[in-house]
$ cat work-v2.cif   # mmCIF, C-alpha atoms
data_final
#
loop_
_atom_site.group_PDB
_atom_site.id
_atom_site.type_symbol
_atom_site.label_atom_id
_atom_site.label_comp_id
_atom_site.auth_asym_id
_atom_site.auth_seq_id
_atom_site.Cartn_x
_atom_site.Cartn_y
_atom_site.Cartn_z
ATOM 1 C CA MET A 1 141.531 209.800 127.213
ATOM 2 C CA ARG A 2 140.305 207.036 129.502
ATOM 3 C CA LYS A 3 143.517 205.285 130.439
ATOM 4 C CA LYS A 4 146.732 206.846 131.598
ATOM 5 C CA ARG A 5 149.871 206.345 129.518
ATOM 6 C CA ALA A 6 152.354 203.698 130.554
ATOM 7 C CA GLY A 7 155.394 205.207 132.236
ATOM 8 C CA THR A 8 158.919 204.514 131.067
ATOM 9 C CA ARG A 9 160.599 201.680 132.901
ATOM 10 C CA ILE A 10 163.769 202.223 134.863
ATOM 11 C CA ARG A 11 166.449 200.144 133.156
ATOM 12 C CA ILE A 12 168.927 198.284 135.318
ATOM 13 C CA PRO A 13 172.547 198.820 134.215
ATOM 14 C CA ASP A 14 174.750 195.968 133.088
ATOM 15 C CA PRO A 15 176.711 194.290 135.946
ATOM 16 C CA ARG A 16 180.160 194.302 134.301
ATOM 17 C CA TYR A 17 180.259 197.733 132.648
ATOM 18 C CA ASN A 18 177.555 199.402 134.796
ATOM 19 C CA ASP A 19 175.977 200.797 131.628
ATOM 20 C CA VAL A 20 172.281 200.981 130.717
ATOM 21 C CA LEU A 21 172.972 200.964 126.949
ATOM 22 C CA VAL A 22 174.923 197.681 127.223
ATOM 23 C CA SER A 23 172.085 196.060 129.198
ATOM 24 C CA GLU A 24 169.571 197.253 126.612
ATOM 25 C CA PHE A 25 171.691 195.739 123.833
ATOM 26 C CA ILE A 26 171.962 192.454 125.774
ATOM 27 C CA ASN A 27 168.183 192.338 126.163
ATOM 28 C CA ASN A 28 167.794 192.749 122.400
ATOM 29 C CA ILE A 29 170.302 189.995 121.608
ATOM 30 C CA MET A 30 168.626 187.648 124.066
ATOM 31 C CA GLU A 31 166.452 184.858 122.700
ATOM 32 C CA GLY A 32 164.273 182.568 124.789
ATOM 33 C CA GLY A 33 165.131 184.283 128.073
ATOM 34 C CA GLN A 34 168.788 183.175 127.942
ATOM 35 C CA LYS A 35 170.337 186.375 129.255
ATOM 36 C CA HIS A 36 173.581 184.708 130.341
ATOM 37 C CA LYS A 37 174.204 183.517 126.782
ATOM 38 C CA ALA A 38 173.410 186.997 125.406
ATOM 39 C CA ARG A 39 175.848 188.590 127.887
ATOM 40 C CA ARG A 40 178.540 186.075 126.936
ATOM 41 C CA ILE A 41 178.065 186.914 123.217
ATOM 42 C CA LEU A 42 178.386 190.680 123.768
ATOM 43 C CA TYR A 43 181.349 190.406 126.166
ATOM 44 C CA ASP A 44 183.117 188.072 123.713
ATOM 45 C CA ALA A 45 182.448 190.606 120.952
ATOM 46 C CA PHE A 46 184.092 193.308 123.082
ATOM 47 C CA GLY A 47 187.083 190.988 123.589
ATOM 48 C CA ILE A 48 187.365 190.380 119.828
ATOM 49 C CA ILE A 49 187.207 194.144 119.188
ATOM 50 C CA GLU A 50 190.053 194.739 121.672
ATOM 51 C CA GLU A 51 192.053 191.956 120.002
ATOM 52 C CA ARG A 52 191.565 193.307 116.471
ATOM 53 C CA THR A 53 191.762 197.081 116.990
ATOM 54 C CA LYS A 54 193.753 197.475 120.244
ATOM 55 C CA LEU A 55 190.973 199.872 121.365
ATOM 56 C CA ASN A 56 188.602 199.526 124.320
ATOM 57 C CA GLY A 57 185.624 197.365 123.255
ATOM 58 C CA ILE A 58 182.991 199.441 125.041
ATOM 59 C CA ASP A 59 184.300 202.663 123.446
ATOM 60 C CA VAL A 60 184.057 201.141 119.955
ATOM 61 C CA PHE A 61 180.547 199.905 120.807
ATOM 62 C CA LYS A 62 179.418 203.369 121.968
ATOM 63 C CA LYS A 63 180.927 205.025 118.869
ATOM 64 C CA ALA A 64 179.139 202.463 116.660
ATOM 65 C CA MET A 65 175.846 203.117 118.456
ATOM 66 C CA SER A 66 176.140 206.900 118.111
ATOM 67 C CA ASN A 67 177.038 206.564 114.410
ATOM 68 C CA ALA A 68 174.089 204.230 113.710
ATOM 69 C CA ARG A 69 171.435 206.386 115.427
ATOM 70 C CA PRO A 70 169.072 208.042 112.923
ATOM 71 C CA MET A 71 167.992 211.650 113.406
ATOM 72 C CA LEU A 72 165.187 211.684 110.793
ATOM 73 C CA GLU A 73 162.747 209.121 109.454
ATOM 74 C CA VAL A 74 159.644 209.120 107.274
ATOM 75 C CA LYS A 75 156.165 208.309 108.520
ATOM 76 C CA ALA A 76 153.200 207.591 106.272
ATOM 77 C CA ARG A 77 150.434 210.217 106.580
ATOM 78 C CA ARG A 78 147.117 209.896 104.806
ATOM 79 C CA VAL A 79 145.845 213.253 103.565
ATOM 80 C CA GLY A 80 142.745 213.471 101.376
ATOM 81 C CA GLY A 81 142.996 210.001 99.874
ATOM 82 C CA ALA A 82 146.716 210.187 99.170
ATOM 83 C CA THR A 83 149.477 208.767 101.367
ATOM 84 C CA TYR A 84 152.544 210.950 101.828
ATOM 85 C CA GLN A 85 155.908 210.008 103.323
ATOM 86 C CA VAL A 86 156.317 212.814 105.855
ATOM 87 C CA PRO A 87 159.802 213.351 107.323
ATOM 88 C CA THR A 88 159.853 213.551 111.119
ATOM 89 C CA GLU A 89 162.536 213.815 113.776
ATOM 90 C CA VAL A 90 163.187 210.615 115.700
ATOM 91 C CA ARG A 91 162.782 210.632 119.486
ATOM 92 C CA SER A 92 165.986 209.732 121.339
ATOM 93 C CA GLY A 93 164.620 206.461 122.757
ATOM 94 C CA ARG A 94 163.406 205.338 119.355
ATOM 95 C CA SER A 95 166.680 206.260 117.651
ATOM 96 C CA VAL A 96 168.588 204.079 120.141
ATOM 97 C CA ALA A 97 166.112 201.233 119.616
ATOM 98 C CA LEU A 98 166.464 201.502 115.822
ATOM 99 C CA ALA A 99 170.275 201.565 116.028
ATOM 100 C CA ILE A 100 170.269 198.447 118.228
ATOM 101 C CA ARG A 101 167.835 196.669 115.920
ATOM 102 C CA TRP A 102 169.843 197.527 112.791
ATOM 103 C CA LEU A 103 173.203 196.545 114.310
ATOM 104 C CA ILE A 104 171.872 193.172 115.473
ATOM 105 C CA SER A 105 170.020 192.359 112.240
ATOM 106 C CA TYR A 106 172.947 193.262 109.980
ATOM 107 C CA ALA A 107 175.414 191.465 112.249
ATOM 108 C CA THR A 108 173.240 188.346 112.004
ATOM 109 C CA ALA A 109 173.354 188.569 108.207
ATOM 110 C CA ARG A 110 177.191 188.557 108.156
ATOM 111 C CA LYS A 111 179.159 185.452 107.172
ATOM 112 C CA GLU A 112 181.509 185.031 110.165
ATOM 113 C CA ARG A 113 181.435 181.931 112.344
ATOM 114 C CA SER A 114 180.010 183.019 115.705
ATOM 115 C CA MET A 115 177.569 185.752 116.674
ATOM 116 C CA ALA A 116 180.288 187.399 118.777
ATOM 117 C CA GLN A 117 182.543 187.682 115.699
ATOM 118 C CA LYS A 118 179.653 189.001 113.613
ATOM 119 C CA LEU A 119 178.795 191.652 116.220
ATOM 120 C CA ALA A 120 182.454 192.645 116.619
ATOM 121 C CA SER A 121 182.807 193.132 112.849
ATOM 122 C CA GLU A 122 179.610 195.177 112.655
ATOM 123 C CA PHE A 123 180.667 197.357 115.616
ATOM 124 C CA ILE A 124 184.095 198.006 114.109
ATOM 125 C CA ALA A 125 182.556 198.851 110.720
ATOM 126 C CA ALA A 126 179.899 201.118 112.276
ATOM 127 C CA SER A 127 182.420 202.918 114.483
ATOM 128 C CA THR A 128 184.451 203.863 111.395
ATOM 129 C CA GLY A 129 181.320 205.038 109.547
ATOM 130 C CA GLU A 130 180.975 201.985 107.314
ATOM 131 C CA GLY A 131 178.851 198.837 107.411
ATOM 132 C CA SER A 132 175.262 197.928 106.671
ATOM 133 C CA ALA A 133 173.740 199.622 109.735
ATOM 134 C CA ILE A 134 175.305 202.958 108.730
ATOM 135 C CA LYS A 135 174.080 202.455 105.142
ATOM 136 C CA LYS A 136 170.551 201.871 106.488
ATOM 137 C CA LYS A 137 170.759 205.096 108.521
ATOM 138 C CA GLU A 138 171.964 207.053 105.475
ATOM 139 C CA ASP A 139 169.171 205.567 103.330
ATOM 140 C CA THR A 140 166.627 206.618 105.967
ATOM 141 C CA HIS A 141 168.049 210.153 105.981
ATOM 142 C CA LYS A 142 168.039 210.295 102.150
ATOM 143 C CA MET A 143 164.394 209.206 102.108
ATOM 144 C CA ALA A 144 163.525 211.970 104.608
ATOM 145 C CA GLU A 145 165.506 214.515 102.568
ATOM 146 C CA ALA A 146 163.767 213.487 99.343
ATOM 147 C CA ASN A 147 160.333 213.924 100.928
ATOM 148 C CA LYS A 148 161.115 217.277 102.546
ATOM 149 C CA ALA A 149 158.402 218.863 100.373
ATOM 150 C CA PHE A 150 155.755 217.054 102.447
ATOM 151 C CA ALA A 151 157.093 218.311 105.801
ATOM 152 C CA HIS A 152 154.154 220.722 106.127
ATOM 153 C CA PHE A 153 151.834 217.686 106.613
ATOM 154 C CA LYS A 154 153.486 217.016 109.957
ATOM 155 C CA TRP A 155 151.187 217.530 112.928
#
$ encode --input "work-v2.cif" --output "structure tokens"
Amino acid sequence: MRKKRAGTRIRIPDPRYNDVLVSEFINNIMEGGQKHKARRILYDAFGIIEERTKLNGIDVFKKAMSNARPMLEVKARRVGGATYQVPTEVRSGRSVALAIRWLISYATARKERSMAQKLASEFIAASTGEGSAIKKKEDTHKMAEANKAFAHFKW
């Protein structure tokens, strides 16, 4: 190995909630370097959640994130000319990244008016164990379960 591996970056927590997960979510919402707009969207979503459910917005968000995190996924492995879908455990950093990606993409696909409303709806659905992001996680787990026979190809 010629080059050393890149180290993990220290993430700066969000200014309002002092939470690294919130800042990571904001960075994933952000488009074109407009962090202030991304923050506004997420904070508005938390406000909408508090309005609708009478629960703390950040608590609903954290519950949604933990519910959407996958534990297993399949990776394609090529063995002797055939490609197998090998189930593997997901690293914690990757599972958070996947949950964030799924929540944002399925919120974007919703039909509400603003992005804040879309995110709020997706968070509420995911925190109760429903919604598209949770369905995606369950589909990923089903795929891993179905290909359990190829687990011995993991290395």
$ residues_around --input "work-v2.cif" --residues "range 51-62 of chain A" --least-positions-apart "2" --cutoff "10 Å" --atoms "all atoms listed in the file" --output "PDB file with C-alpha atoms, in the frame of the given file"
ATOM      1  CA  TYR A  17     180.259 197.733 132.648  1.00  0.00           C
ATOM      2  CA  ASP A  19     175.977 200.797 131.628  1.00  0.00           C
ATOM      3  CA  LEU A  21     172.972 200.964 126.949  1.00  0.00           C
ATOM      4  CA  VAL A  22     174.923 197.681 127.223  1.00  0.00           C
ATOM      5  CA  LEU A  42     178.386 190.680 123.768  1.00  0.00           C
ATOM      6  CA  TYR A  43     181.349 190.406 126.166  1.00  0.00           C
ATOM      7  CA  ASP A  44     183.117 188.072 123.713  1.00  0.00           C
ATOM      8  CA  ALA A  45     182.448 190.606 120.952  1.00  0.00           C
ATOM      9  CA  PHE A  46     184.092 193.308 123.082  1.00  0.00           C
ATOM     10  CA  GLY A  47     187.083 190.988 123.589  1.00  0.00           C
ATOM     11  CA  ILE A  48     187.365 190.380 119.828  1.00  0.00           C
ATOM     12  CA  ILE A  49     187.207 194.144 119.188  1.00  0.00           C
ATOM     13  CA  ALA A  64     179.139 202.463 116.660  1.00  0.00           C
ATOM     14  CA  MET A  65     175.846 203.117 118.456  1.00  0.00           C
ATOM     15  CA  SER A  66     176.140 206.900 118.111  1.00  0.00           C
ATOM     16  CA  ASN A  67     177.038 206.564 114.410  1.00  0.00           C
ATOM     17  CA  ALA A  68     174.089 204.230 113.710  1.00  0.00           C
ATOM     18  CA  LEU A 119     178.795 191.652 116.220  1.00  0.00           C
ATOM     19  CA  ALA A 120     182.454 192.645 116.619  1.00  0.00           C
ATOM     20  CA  SER A 121     182.807 193.132 112.849  1.00  0.00           C
ATOM     21  CA  GLU A 122     179.610 195.177 112.655  1.00  0.00           C
ATOM     22  CA  PHE A 123     180.667 197.357 115.616  1.00  0.00           C
ATOM     23  CA  ILE A 124     184.095 198.006 114.109  1.00  0.00           C
ATOM     24  CA  ALA A 125     182.556 198.851 110.720  1.00  0.00           C
ATOM     25  CA  ALA A 126     179.899 201.118 112.276  1.00  0.00           C
ATOM     26  CA  SER A 127     182.420 202.918 114.483  1.00  0.00           C
ATOM     27  CA  THR A 128     184.451 203.863 111.395  1.00  0.00           C
TER      28      THR A 128
END
$ atom_distance --input "work-v2.cif" --atom1 "CA of Gly7 in chain A" --atom2 "CA of Ser105 in chain A"
27.9 Å
$ atom_distance --input "work-v2.cif" --atom1 "CA of Lys63 in chain A" --atom2 "CA of Ala99 in chain A"
11.6 Å
$ closest_residue --input "work-v2.cif" --among "A:Pro13, A:Gly131, A:Gly32, A:Pro70" --to "Val90 in chain A" --atoms "only C-alpha atoms"
A:Pro70
$ resolve_selection --input "work-v2.cif" --expression "the PyMOL selection byres ((chain A and resi 85) around 8)" --output "number ranges by chain"
A: 74-77, 83-84, 86-87, 144, 147, 150
$ atom_distance --input "work-v2.cif" --atom1 "CA of Lys37 in chain A" --atom2 "CA of Trp102 in chain A"
20.3 Å
$ closest_residue --input "work-v2.cif" --among "A:Gln117, A:Glu130, A:Leu98, A:Val79" --to "Phe153 in chain A" --atoms "only C-alpha atoms"
A:Val79
$ residues_around --input "work-v2.cif" --residues "Ile104 in chain A" --least-positions-apart "3" --cutoff "8 Å" --atoms "only C-alpha atoms" --output "PyMOL selection string"
chain A and resi 29+100-101+107-108+119
$ closest_residue --input "work-v2.cif" --among "A:Lys111, A:His141, A:Lys148, A:Lys118" --to "Ile41 in chain A" --atoms "all atoms listed in the file"
A:Lys118
$ closest_residue --input "work-v2.cif" --among "A:Arg16, A:Arg78, A:Lys4, A:Arg69" --to "Lys137 in chain A" --atoms "only C-alpha atoms"
A:Arg69
$ decode --input "work-v2.cif" --residues "range 61-81 of chain A" --atoms "N, CA, C and O atoms" --output "short mmCIF file (atom, residue, chain, number, x, y, z; two decimals), in the first residue's frame"
data_model
loop_
_atom_site.label_atom_id
_atom_site.label_comp_id
_atom_site.auth_asym_id
_atom_site.auth_seq_id
_atom_site.Cartn_x
_atom_site.Cartn_y
_atom_site.Cartn_z
N PHE A 61 -37.04 13.41 14.79
CA PHE A 61 -35.99 13.27 13.79
C PHE A 61 -35.03 12.13 14.13
O PHE A 61 -34.71 11.29 13.29
N LYS A 62 -34.59 12.09 15.40
CA LYS A 62 -33.65 11.04 15.82
C LYS A 62 -34.28 9.66 15.77
O LYS A 62 -33.64 8.68 15.39
N LYS A 63 -35.57 9.57 16.14
CA LYS A 63 -36.30 8.29 16.07
C LYS A 63 -36.41 7.85 14.61
O LYS A 63 -36.20 6.68 14.29
N ALA A 64 -36.73 8.80 13.72
CA ALA A 64 -36.83 8.50 12.29
C ALA A 64 -35.50 8.01 11.75
O ALA A 64 -35.44 7.04 10.98
N MET A 65 -34.41 8.67 12.14
CA MET A 65 -33.08 8.27 11.68
C MET A 65 -32.73 6.86 12.16
O MET A 65 -32.23 6.05 11.39
N SER A 66 -33.00 6.57 13.45
CA SER A 66 -32.66 5.24 13.96
C SER A 66 -33.53 4.16 13.31
O SER A 66 -33.06 3.04 13.09
N ASN A 67 -34.78 4.49 12.99
CA ASN A 67 -35.65 3.51 12.32
C ASN A 67 -35.24 3.26 10.87
O ASN A 67 -35.46 2.17 10.35
N ALA A 68 -34.68 4.28 10.21
CA ALA A 68 -34.33 4.16 8.79
C ALA A 68 -32.95 3.56 8.54
O ALA A 68 -32.61 3.24 7.40
N ARG A 69 -32.15 3.40 9.60
CA ARG A 69 -30.78 2.88 9.43
C ARG A 69 -30.78 1.39 9.13
O ARG A 69 -31.29 0.60 9.92
N PRO A 70 -30.18 0.98 8.01
CA PRO A 70 -30.11 -0.45 7.69
C PRO A 70 -28.98 -1.14 8.46
O PRO A 70 -27.95 -0.54 8.75
N MET A 71 -29.20 -2.40 8.80
CA MET A 71 -28.18 -3.19 9.49
C MET A 71 -27.46 -4.12 8.51
O MET A 71 -26.31 -4.46 8.72
N LEU A 72 -28.16 -4.55 7.47
CA LEU A 72 -27.59 -5.46 6.45
C LEU A 72 -27.80 -4.87 5.07
O LEU A 72 -28.77 -4.14 4.84
N GLU A 73 -26.92 -5.22 4.15
CA GLU A 73 -27.10 -4.89 2.74
C GLU A 73 -26.43 -5.97 1.91
O GLU A 73 -25.72 -6.82 2.45
N VAL A 74 -26.69 -5.97 0.61
CA VAL A 74 -26.03 -6.94 -0.26
C VAL A 74 -24.98 -6.24 -1.10
O VAL A 74 -25.16 -5.10 -1.52
N LYS A 75 -23.87 -6.93 -1.29
CA LYS A 75 -22.80 -6.43 -2.15
C LYS A 75 -22.53 -7.47 -3.22
O LYS A 75 -22.53 -8.67 -2.93
N ALA A 76 -22.31 -7.03 -4.43
CA ALA A 76 -22.04 -7.95 -5.54
C ALA A 76 -20.61 -8.47 -5.43
O ALA A 76 -19.66 -7.70 -5.28
N ARG A 77 -20.46 -9.79 -5.45
CA ARG A 77 -19.14 -10.45 -5.43
C ARG A 77 -19.05 -11.35 -6.65
O ARG A 77 -19.95 -12.14 -6.91
N ARG A 78 -17.94 -11.24 -7.35
CA ARG A 78 -17.74 -12.07 -8.54
C ARG A 78 -16.88 -13.27 -8.15
O ARG A 78 -15.74 -13.11 -7.74
N VAL A 79 -17.47 -14.46 -8.28
CA VAL A 79 -16.76 -15.69 -7.93
C VAL A 79 -16.85 -16.65 -9.10
O VAL A 79 -17.94 -17.11 -9.45
N GLY A 80 -15.71 -16.92 -9.72
CA GLY A 80 -15.65 -17.91 -10.80
C GLY A 80 -16.61 -17.65 -11.95
O GLY A 80 -17.31 -18.54 -12.39
N GLY A 81 -16.69 -16.42 -12.39
CA GLY A 81 -17.53 -16.09 -13.55
C GLY A 81 -18.97 -15.79 -13.21
O GLY A 81 -19.72 -15.34 -14.07
#
